[in-house]
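**Q** Sharing run-v2.csv, CSV, C-alpha atoms:
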chain,number,residue,atom,x,y,z
A,1,MET,CA,127.3,93.4,265.0
A,2,LEU,CA,127.9,90.4,262.8
A,3,ILE,CA,128.1,90.8,259.0
A,4,ASP,CA,129.2,88.0,256.8
A,5,GLY,CA,128.8,87.4,253.0
A,6,PHE,CA,130.0,85.8,249.9
A,7,PRO,CA,129.7,86.3,246.1
A,8,ALA,CA,127.1,84.0,244.5
A,9,GLY,CA,126.4,82.7,241.1
A,10,SER,CA,127.9,83.4,237.7
A,11,LEU,CA,127.5,87.2,238.2
A,12,GLN,CA,129.1,87.1,241.7
A,13,ALA,CA,126.5,89.2,243.4
A,14,ASN,CA,127.2,89.6,247.1
A,15,CYS,CA,124.8,87.8,249.5
A,16,TYR,CA,125.0,89.0,253.1
A,17,VAL,CA,123.7,87.9,256.5
A,18,VAL,CA,123.4,90.6,259.2
A,19,ALA,CA,122.7,90.1,262.9
A,20,PRO,CA,123.4,91.8,266.3
A,21,ALA,CA,125.7,88.9,267.2
A,22,ALA,CA,126.3,85.2,266.7
A,23,GLY,CA,123.5,82.9,267.9
A,24,GLU,CA,120.7,85.5,267.3
A,25,GLU,CA,118.2,86.4,264.7
A,26,CYS,CA,119.4,87.7,261.3
A,27,VAL,CA,118.4,89.2,258.0
A,28,ILE,CA,119.6,87.9,254.6
A,29,VAL,CA,120.4,90.6,252.0
A,30,ASP,CA,120.2,89.7,248.3
A,31,PRO,CA,120.1,85.9,247.9
A,32,GLY,CA,121.2,85.5,244.3
A,33,GLN,CA,122.0,82.5,242.1
A,34,ASP,CA,123.0,79.2,243.8
A,35,VAL,CA,123.2,80.6,247.3
A,36,ALA,CA,121.6,77.7,249.2
A,37,GLU,CA,124.8,75.9,250.3
A,38,GLY,CA,126.9,78.9,251.1
A,39,LEU,CA,124.0,80.6,252.9
A,40,ASP,CA,123.3,77.5,255.0
A,41,ASP,CA,127.0,77.2,255.9
A,42,MET,CA,127.1,80.8,257.1
A,43,LEU,CA,123.9,80.4,259.2
A,44,ARG,CA,125.2,77.2,260.8
A,45,GLU,CA,128.6,78.7,261.5
A,46,HIS,CA,127.2,81.7,263.3
A,47,ARG,CA,124.1,79.9,264.7
A,48,LEU,CA,121.7,82.4,263.1
A,49,LYS,CA,118.0,82.3,262.7
A,50,PRO,CA,116.8,84.2,259.6
A,51,VAL,CA,113.7,86.3,260.0
A,52,ALA,CA,113.5,88.2,256.7
A,53,VAL,CA,115.1,88.7,253.3
A,54,LEU,CA,115.9,92.2,252.2
A,55,LEU,CA,116.3,93.0,248.5
A,56,THR,CA,118.3,96.0,247.3
A,57,HIS,CA,116.6,95.7,243.9
A,58,GLY,CA,115.0,93.3,241.5
A,59,HIS,CA,117.7,92.2,239.1
A,60,ILE,CA,118.0,88.5,238.7
A,61,ASP,CA,121.5,88.1,240.1
A,62,HIS,CA,120.2,89.5,243.4
A,63,VAL,CA,116.8,87.8,243.7
A,64,TRP,CA,117.4,84.5,241.9
A,65,SER,CA,116.9,82.4,245.1
A,66,VAL,CA,114.6,84.6,247.0
A,67,ALA,CA,111.5,82.4,246.7
A,68,PRO,CA,113.2,79.1,247.7
A,69,VAL,CA,115.1,80.8,250.5
A,70,CYS,CA,112.0,82.4,251.9
A,71,GLY,CA,110.1,79.2,251.5
A,72,ALA,CA,112.7,77.1,253.2
A,73,LYS,CA,113.2,79.5,256.1
A,74,ASP,CA,109.5,80.6,256.3
A,75,VAL,CA,110.3,84.3,256.2
A,76,PRO,CA,109.1,87.3,254.3
A,77,ALA,CA,110.9,89.2,251.5
A,78,TRP,CA,111.1,93.0,251.4
A,79,ILE,CA,111.4,94.9,248.1
A,80,HIS,CA,110.5,98.3,246.8
A,81,PRO,CA,107.2,98.3,244.9
A,82,GLU,CA,108.8,99.7,241.7
A,83,ASP,CA,110.8,96.5,241.4
A,84,ARG,CA,108.3,94.0,242.7
A,85,GLU,CA,107.3,92.8,239.2
A,86,LEU,CA,110.9,91.6,238.6
A,87,LEU,CA,110.3,88.8,241.2
A,88,THR,CA,108.1,87.0,238.8
A,89,ASP,CA,109.4,88.4,235.5
A,90,PRO,CA,113.1,89.2,236.0
A,91,GLY,CA,113.6,89.4,232.2
A,92,LYS,CA,111.9,92.9,232.3
A,93,GLY,CA,115.1,94.2,234.0
A,94,LEU,CA,117.5,92.9,231.3
A,95,SER,CA,118.4,93.4,227.7
A,96,LEU,CA,116.8,91.2,225.2
A,97,LEU,CA,120.0,89.3,224.6
A,98,ALA,CA,120.6,88.7,228.3
A,99,ARG,CA,117.0,87.6,228.6
A,100,GLN,CA,117.5,84.9,225.9
A,101,GLN,CA,120.8,83.7,227.4
A,102,LEU,CA,119.7,83.4,231.0
A,103,PHE,CA,116.2,82.1,230.8
A,104,GLY,CA,115.8,78.9,228.9
A,105,GLY,CA,112.2,78.3,230.0
A,106,LEU,CA,112.9,79.1,233.7
A,107,LYS,CA,110.0,80.3,235.7
A,108,PHE,CA,110.1,82.5,238.8
A,109,THR,CA,107.6,83.1,241.5
A,110,GLU,CA,107.1,85.5,244.4
A,111,PRO,CA,107.7,84.3,247.9
A,112,ASP,CA,104.4,83.7,249.8
A,113,ASP,CA,105.0,86.8,251.9
A,114,VAL,CA,106.2,89.9,250.1
A,115,ARG,CA,106.3,93.3,251.9
A,116,GLU,CA,107.0,96.6,250.2
A,117,LEU,CA,109.7,99.1,251.2
A,118,SER,CA,109.4,102.9,251.2
A,119,ASP,CA,111.9,105.7,251.3
A,120,GLY,CA,112.9,106.6,254.8
A,121,ALA,CA,111.2,103.6,256.4
A,122,VAL,CA,112.9,102.1,259.5
A,123,LEU,CA,112.6,98.4,259.8
A,124,GLU,CA,112.8,97.1,263.4
A,125,ILE,CA,113.9,93.6,262.6
A,126,ALA,CA,116.1,90.9,264.1
A,127,GLY,CA,116.9,93.3,267.0
A,128,MET,CA,118.2,96.0,264.6
A,129,SER,CA,117.0,99.3,263.2
A,130,VAL,CA,117.4,99.2,259.4
A,131,THR,CA,116.9,102.5,257.5
A,132,VAL,CA,115.7,102.2,253.9
A,133,ASP,CA,116.7,104.8,251.3
A,134,HIS,CA,115.0,104.7,247.9
A,135,ALA,CA,117.9,105.2,245.4
A,136,PRO,CA,116.7,104.8,241.8
A,137,GLY,CA,118.8,105.0,238.7
A,138,HIS,CA,120.1,101.4,238.4
A,139,THR,CA,116.5,100.2,238.6
A,140,ARG,CA,113.4,102.2,239.4
A,141,GLY,CA,113.1,100.4,242.8
A,142,SER,CA,116.7,100.3,243.9
A,143,VAL,CA,117.2,100.9,247.6
A,144,THR,CA,120.0,101.0,250.1
A,145,PHE,CA,119.9,99.6,253.7
A,146,ARG,CA,121.7,101.5,256.5
A,147,LEU,CA,122.5,100.5,260.0
A,148,PRO,CA,122.7,103.8,261.8
A,149,GLU,CA,124.5,102.9,265.0
A,150,GLU,CA,127.2,101.0,263.1
A,151,ARG,CA,127.6,103.4,260.2
A,152,VAL,CA,127.2,100.6,257.6
A,153,MET,CA,125.4,100.8,254.3
A,154,PHE,CA,124.4,98.0,252.0
A,155,SER,CA,124.5,99.8,248.7
A,156,GLY,CA,123.3,97.2,246.3
A,157,ASP,CA,124.2,98.2,242.7
A,158,LEU,CA,124.1,101.9,243.5
A,159,LEU,CA,127.7,102.3,244.5
A,160,PHE,CA,130.8,100.0,244.2
A,161,ALA,CA,134.4,100.4,245.1
A,162,GLY,CA,135.7,102.7,242.3
A,163,SER,CA,132.5,102.6,240.3
A,164,ILE,CA,128.7,102.7,240.2
A,165,GLY,CA,125.9,100.5,238.9
A,166,ARG,CA,125.1,100.5,235.3
A,167,SER,CA,122.1,102.6,234.1
A,168,ASP,CA,121.6,101.3,230.6
A,169,LEU,CA,119.2,98.5,231.4
A,170,PRO,CA,115.4,98.8,231.5
A,171,GLY,CA,114.4,101.0,234.4
A,172,GLY,CA,117.9,102.6,234.6
A,173,ASP,CA,118.7,106.2,234.1
A,174,TYR,CA,122.1,108.0,234.4
A,175,PRO,CA,120.9,111.4,235.6
A,176,THR,CA,118.7,109.6,238.2
A,177,ILE,CA,121.5,107.5,239.5
A,178,LEU,CA,123.7,110.6,239.9
A,179,ARG,CA,121.0,112.2,241.9
A,180,SER,CA,120.7,109.1,244.1
A,181,LEU,CA,124.4,109.0,244.6
A,182,GLY,CA,124.5,112.7,245.6
A,183,ALA,CA,121.5,112.5,247.9
A,184,LYS,CA,121.9,109.0,249.5
A,185,CYS,CA,125.7,108.5,249.5
A,186,LEU,CA,127.5,111.9,249.5
A,187,THR,CA,125.5,113.1,252.5
A,188,LEU,CA,126.9,110.3,254.7
A,189,PRO,CA,130.0,110.5,256.9
A,190,ASP,CA,133.3,109.5,255.4
A,191,ASP,CA,133.7,106.6,257.9
A,192,THR,CA,130.5,104.9,256.7
A,193,MET,CA,131.3,101.4,255.6
A,194,VAL,CA,129.8,100.5,252.2
A,195,LEU,CA,129.0,96.9,251.5
A,196,PRO,CA,128.1,96.8,247.8
A,197,GLY,CA,126.2,94.3,245.6
A,198,HIS,CA,129.4,93.3,243.8
A,199,GLY,CA,133.1,93.5,244.7
A,200,PRO,CA,134.9,94.5,247.8
A,201,GLN,CA,133.7,96.7,250.6
A,202,THR,CA,134.8,100.4,250.7
A,203,THR,CA,134.0,103.6,252.6
A,204,ILE,CA,132.2,106.8,251.7
A,205,GLY,CA,135.3,108.7,252.3
A,206,ARG,CA,137.4,106.6,250.0
A,207,GLU,CA,134.8,106.9,247.2
A,208,ARG,CA,134.4,110.6,247.8
A,209,ALA,CA,138.1,111.1,247.3
A,210,THR,CA,138.7,108.7,244.4
A,211,ASN,CA,135.5,107.7,242.6
A,212,PRO,CA,135.0,109.9,239.5
A,213,TYR,CA,131.2,109.3,239.4
A,214,LEU,CA,130.8,110.7,242.9
A,215,ALA,CA,132.6,113.8,241.8
A,216,GLU,CA,130.0,114.1,239.0
A,217,ALA,CA,127.2,113.5,241.5
A,218,ALA,CA,128.5,116.2,244.0
A,219,PRO,CA,126.1,118.9,242.7
A,220,PHE,CA,123.2,116.7,243.9
A,221,ALA,CA,124.5,116.3,247.5
A,222,GLY,CA,122.9,118.2,250.4
A,223,PRO,CA,124.5,118.8,253.8
A,224,THR,CA,126.3,115.8,255.3
A,225,ARG,CA,124.0,113.9,257.6
A,226,GLY,CA,124.7,111.2,260.2
A,227,LEU,CA,123.6,107.7,259.6
The structure given in the file should be rewritten as structure tokens.
**A**
Amino acid sequence: MLIDGFPAGSLQANCYVVAPAAGEECVIVDPGQDVAEGLDDMLREHRLKPVAVLLTHGHIDHVWSVAPVCGAKDVPAWIHPEDRELLTDPGKGLSLLARQQLFGGLKFTEPDDVRELSDGAVLEIAGMSVTVDHAPGHTRGSVTFRLPEERVMFSGDLLFAGSIGRSDLPGGDYPTILRSLGAKCLTLPDDTMVLPGHGPQTTIGRERATNPYLAEAAPFAGPTRGL
């Protein structure tokens, strides 16, 4: 398994490429602001051919470059339907002040090919099986992507190393994000690698032991399940 990534743009959202190995097809996760050069460098370095863009949610720091990336690579974008409107109107996911600061007349469009994600779906893509878990609370359409055989989860802005995503923006809700953390994170094995939307990677075990928000989410967890 090949996973590479870098923090992009002013908000340092992690953009990832994921493939079975170098020289094969890949997916791109969360192409945010100003990713073009860094993304193309990674694709060349690993000799990868993108076949899709996967979006953990619709906030602008994660989807800023989705239309140009999909257009340049001629690939579809996958997003949960609850966040689809943010592709063309990302300001709906932000506070009024942030909207005014970020969008000085900028216009955003959907990629030509947008496909919708659903909870529990398994995407057979780029030679990989990617499981989708709907995990609202940061946004209504937040999802995580899991690679079952590798015990890897791309958590978007649901779970970070030592913290969780904010729930005070439009579409966010604190009790809902706690339920998502309990149901979608705390049920995973401790050795599950977590690749978040911001900051360094972590593991479920480390967060279970040290993250105070996961302690608060514990009542919402069911039995531990494999990836």
**Q** What's the 8 Å shell around Pro136 of chain A, counting all atoms listed in the file, without same-chain residues fewer than 3 positions away, as a PDB file with C-alpha atoms, keeping the file's coordinate frame?
**A**
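File around35.pdb, as written:
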ATOM      1  CA  THR A 139     116.500 100.200 238.600  1.00  0.00           C
ATOM      2  CA  ARG A 140     113.400 102.200 239.400  1.00  0.00           C
ATOM      3  CA  GLY A 141     113.100 100.400 242.800  1.00  0.00           C
ATOM      4  CA  SER A 142     116.700 100.300 243.900  1.00  0.00           C
ATOM      5  CA  VAL A 143     117.200 100.900 247.600  1.00  0.00           C
ATOM      6  CA  GLY A 172     117.900 102.600 234.600  1.00  0.00           C
ATOM      7  CA  THR A 176     118.700 109.600 238.200  1.00  0.00           C
ATOM      8  CA  ILE A 177     121.500 107.500 239.500  1.00  0.00           C
ATOM      9  CA  SER A 180     120.700 109.100 244.100  1.00  0.00           C
TER      10      SER A 180
END
**Q** Quick one: pull the distance between atom CA of Ala215 of chain A and atom CA of His134 of chain A, Å, one decimal.
**A**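 A separation of 20.7 Å between them.
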**Q** Need the shell around Gly5 of chain A: protein/DNA/RNA residues with any atom at most 7 Å away, counting all atoms listed in the file. Skip same-chain ones fewer than 2 positions apart. Format as a PyMOL selection string?
**A** chain A and resi 3+14-17
**Q** Report the distance between atom CA of Ala218 of chain A and atom CA of Thr187 of chain A in Å, rounded to one decimal place.
**A**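 Distance between the two atoms: 9.5 Å.
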**Q** Give me, as a Markdown table, the closest atom pair and its distance (Å, one decimal) for every residue of segment 55-77 of chain A within a cut-off of 8 Å of segment 29-41 of chain A, counting all atoms listed in the file, rows sorted by chain and rising number.
**A**
| residue | atom | partner | partner_atom | distance |
| --- | --- | --- | --- | --- |
| A:Leu55 | CA | A:Asp30 | CA | 5.1 |
| A:Thr56 | CA | A:Asp30 | CA | 6.7 |
| A:Ile60 | CA | A:Gly32 | CA | 7.1 |
| A:Asp61 | CA | A:Gly32 | CA | 4.9 |
| A:His62 | CA | A:Gly32 | CA | 4.2 |
| A:Val63 | CA | A:Gly32 | CA | 5.0 |
| A:Trp64 | CA | A:Gly32 | CA | 4.6 |
| A:Ser65 | CA | A:Gly32 | CA | 5.4 |
| A:Val66 | CA | A:Pro31 | CA | 5.7 |
| A:Val69 | CA | A:Ala36 | CA | 7.3 |
**Q** What separation in Å, quoted to one decimal, exists between atom CA of Val53 of chain A and atom CA of Val132 of chain A?
**A**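 Between these atoms lies a distance of 13.5 Å.
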**Q** Restricting the calculation to only C-alpha atoms: of A:His198, A:Arg47, A:Thr224, A:Asp112, which residue gets closest to Gly9 of chain A?
**A**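 Selected residue with least distance to Gly9 of chain A: A:His198.
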**Q** For a quick check of understanding, using only C-alpha atoms, which of A:Ala126, A:Met1, A:Ala19, A:Val152 has the smallest distance to Gln201 of chain A?
**A**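 Nearest candidate to Gln201 of chain A out of A:Ala126, A:Met1, A:Ala19, A:Val152: A:Val152.
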**Q** Could you write segment 186-197 of chain A as a compact mmCIF listing (two decimals), in the coordinates of the input, with all heavy atoms rebuilt where they are missing?
**A**
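Generated file (selection-v5.txt):
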# COMPACT_ATOMS: atom_id res chain seq x y z
N LEU A 186 126.63 110.75 249.21
CA LEU A 186 127.50 111.90 249.50
C LEU A 186 127.13 112.62 250.78
O LEU A 186 127.93 113.40 251.31
CB LEU A 186 127.65 112.80 248.34
CG LEU A 186 128.49 112.28 247.17
CD1 LEU A 186 128.45 113.26 246.00
CD2 LEU A 186 129.93 112.03 247.60
N THR A 187 125.94 112.43 251.27
CA THR A 187 125.50 113.10 252.50
C THR A 187 125.89 112.30 253.75
O THR A 187 125.63 112.75 254.86
CB THR A 187 123.97 113.25 252.48
OG1 THR A 187 123.36 111.98 252.21
CG2 THR A 187 123.55 114.24 251.40
N LEU A 188 126.52 111.13 253.57
CA LEU A 188 126.90 110.30 254.70
C LEU A 188 128.31 110.60 255.17
O LEU A 188 129.15 111.07 254.40
CB LEU A 188 126.79 108.81 254.33
CG LEU A 188 125.39 108.32 253.94
CD1 LEU A 188 125.45 106.87 253.50
CD2 LEU A 188 124.41 108.49 255.10
N PRO A 189 128.63 110.31 256.44
CA PRO A 189 130.00 110.50 256.90
C PRO A 189 131.02 109.70 256.22
O PRO A 189 130.73 108.60 255.73
CB PRO A 189 129.88 110.14 258.42
CG PRO A 189 128.43 110.22 258.76
CD PRO A 189 127.70 109.86 257.50
N ASP A 190 132.25 110.21 256.16
CA ASP A 190 133.30 109.50 255.40
C ASP A 190 133.61 108.13 255.98
O ASP A 190 134.04 107.24 255.24
CB ASP A 190 134.62 110.34 255.49
CG ASP A 190 134.61 111.50 254.50
OD1 ASP A 190 133.70 111.55 253.64
OD2 ASP A 190 135.51 112.36 254.59
N ASP A 191 133.39 107.90 257.29
CA ASP A 191 133.70 106.60 257.90
C ASP A 191 132.63 105.56 257.70
O ASP A 191 132.72 104.46 258.24
CB ASP A 191 134.12 106.73 259.33
CG ASP A 191 132.99 107.26 260.20
OD1 ASP A 191 131.94 107.66 259.65
OD2 ASP A 191 133.15 107.28 261.44
N THR A 192 131.59 105.89 256.93
CA THR A 192 130.50 104.90 256.70
C THR A 192 131.08 103.78 255.81
O THR A 192 131.62 103.99 254.73
CB THR A 192 129.37 105.60 255.90
OG1 THR A 192 128.89 106.71 256.65
CG2 THR A 192 128.25 104.61 255.66
N MET A 193 130.93 102.56 256.31
CA MET A 193 131.30 101.40 255.60
C MET A 193 130.29 101.06 254.50
O MET A 193 129.10 101.01 254.81
CB MET A 193 131.54 100.18 256.47
CG MET A 193 131.98 98.91 255.75
SD MET A 193 132.09 97.48 256.87
CE MET A 193 133.37 98.02 257.98
N VAL A 194 130.74 100.83 253.27
CA VAL A 194 129.80 100.50 252.20
C VAL A 194 130.05 99.04 251.78
O VAL A 194 131.16 98.64 251.42
CB VAL A 194 130.11 101.42 250.95
CG1 VAL A 194 129.20 101.03 249.79
CG2 VAL A 194 129.92 102.88 251.33
N LEU A 195 128.98 98.27 251.86
CA LEU A 195 129.00 96.90 251.50
C LEU A 195 128.16 96.75 250.19
O LEU A 195 126.94 96.78 250.22
CB LEU A 195 128.42 95.98 252.57
CG LEU A 195 129.24 96.02 253.87
CD1 LEU A 195 128.47 95.42 255.02
CD2 LEU A 195 130.56 95.29 253.68
N PRO A 196 128.83 96.66 249.03
CA PRO A 196 128.10 96.80 247.80
C PRO A 196 127.59 95.41 247.27
O PRO A 196 127.89 94.34 247.82
CB PRO A 196 129.21 97.27 246.81
CG PRO A 196 130.48 96.69 247.37
CD PRO A 196 130.29 96.63 248.87
N GLY A 197 126.81 95.50 246.19
CA GLY A 197 126.20 94.30 245.60
C GLY A 197 127.22 93.46 244.83
O GLY A 197 126.96 92.28 244.58
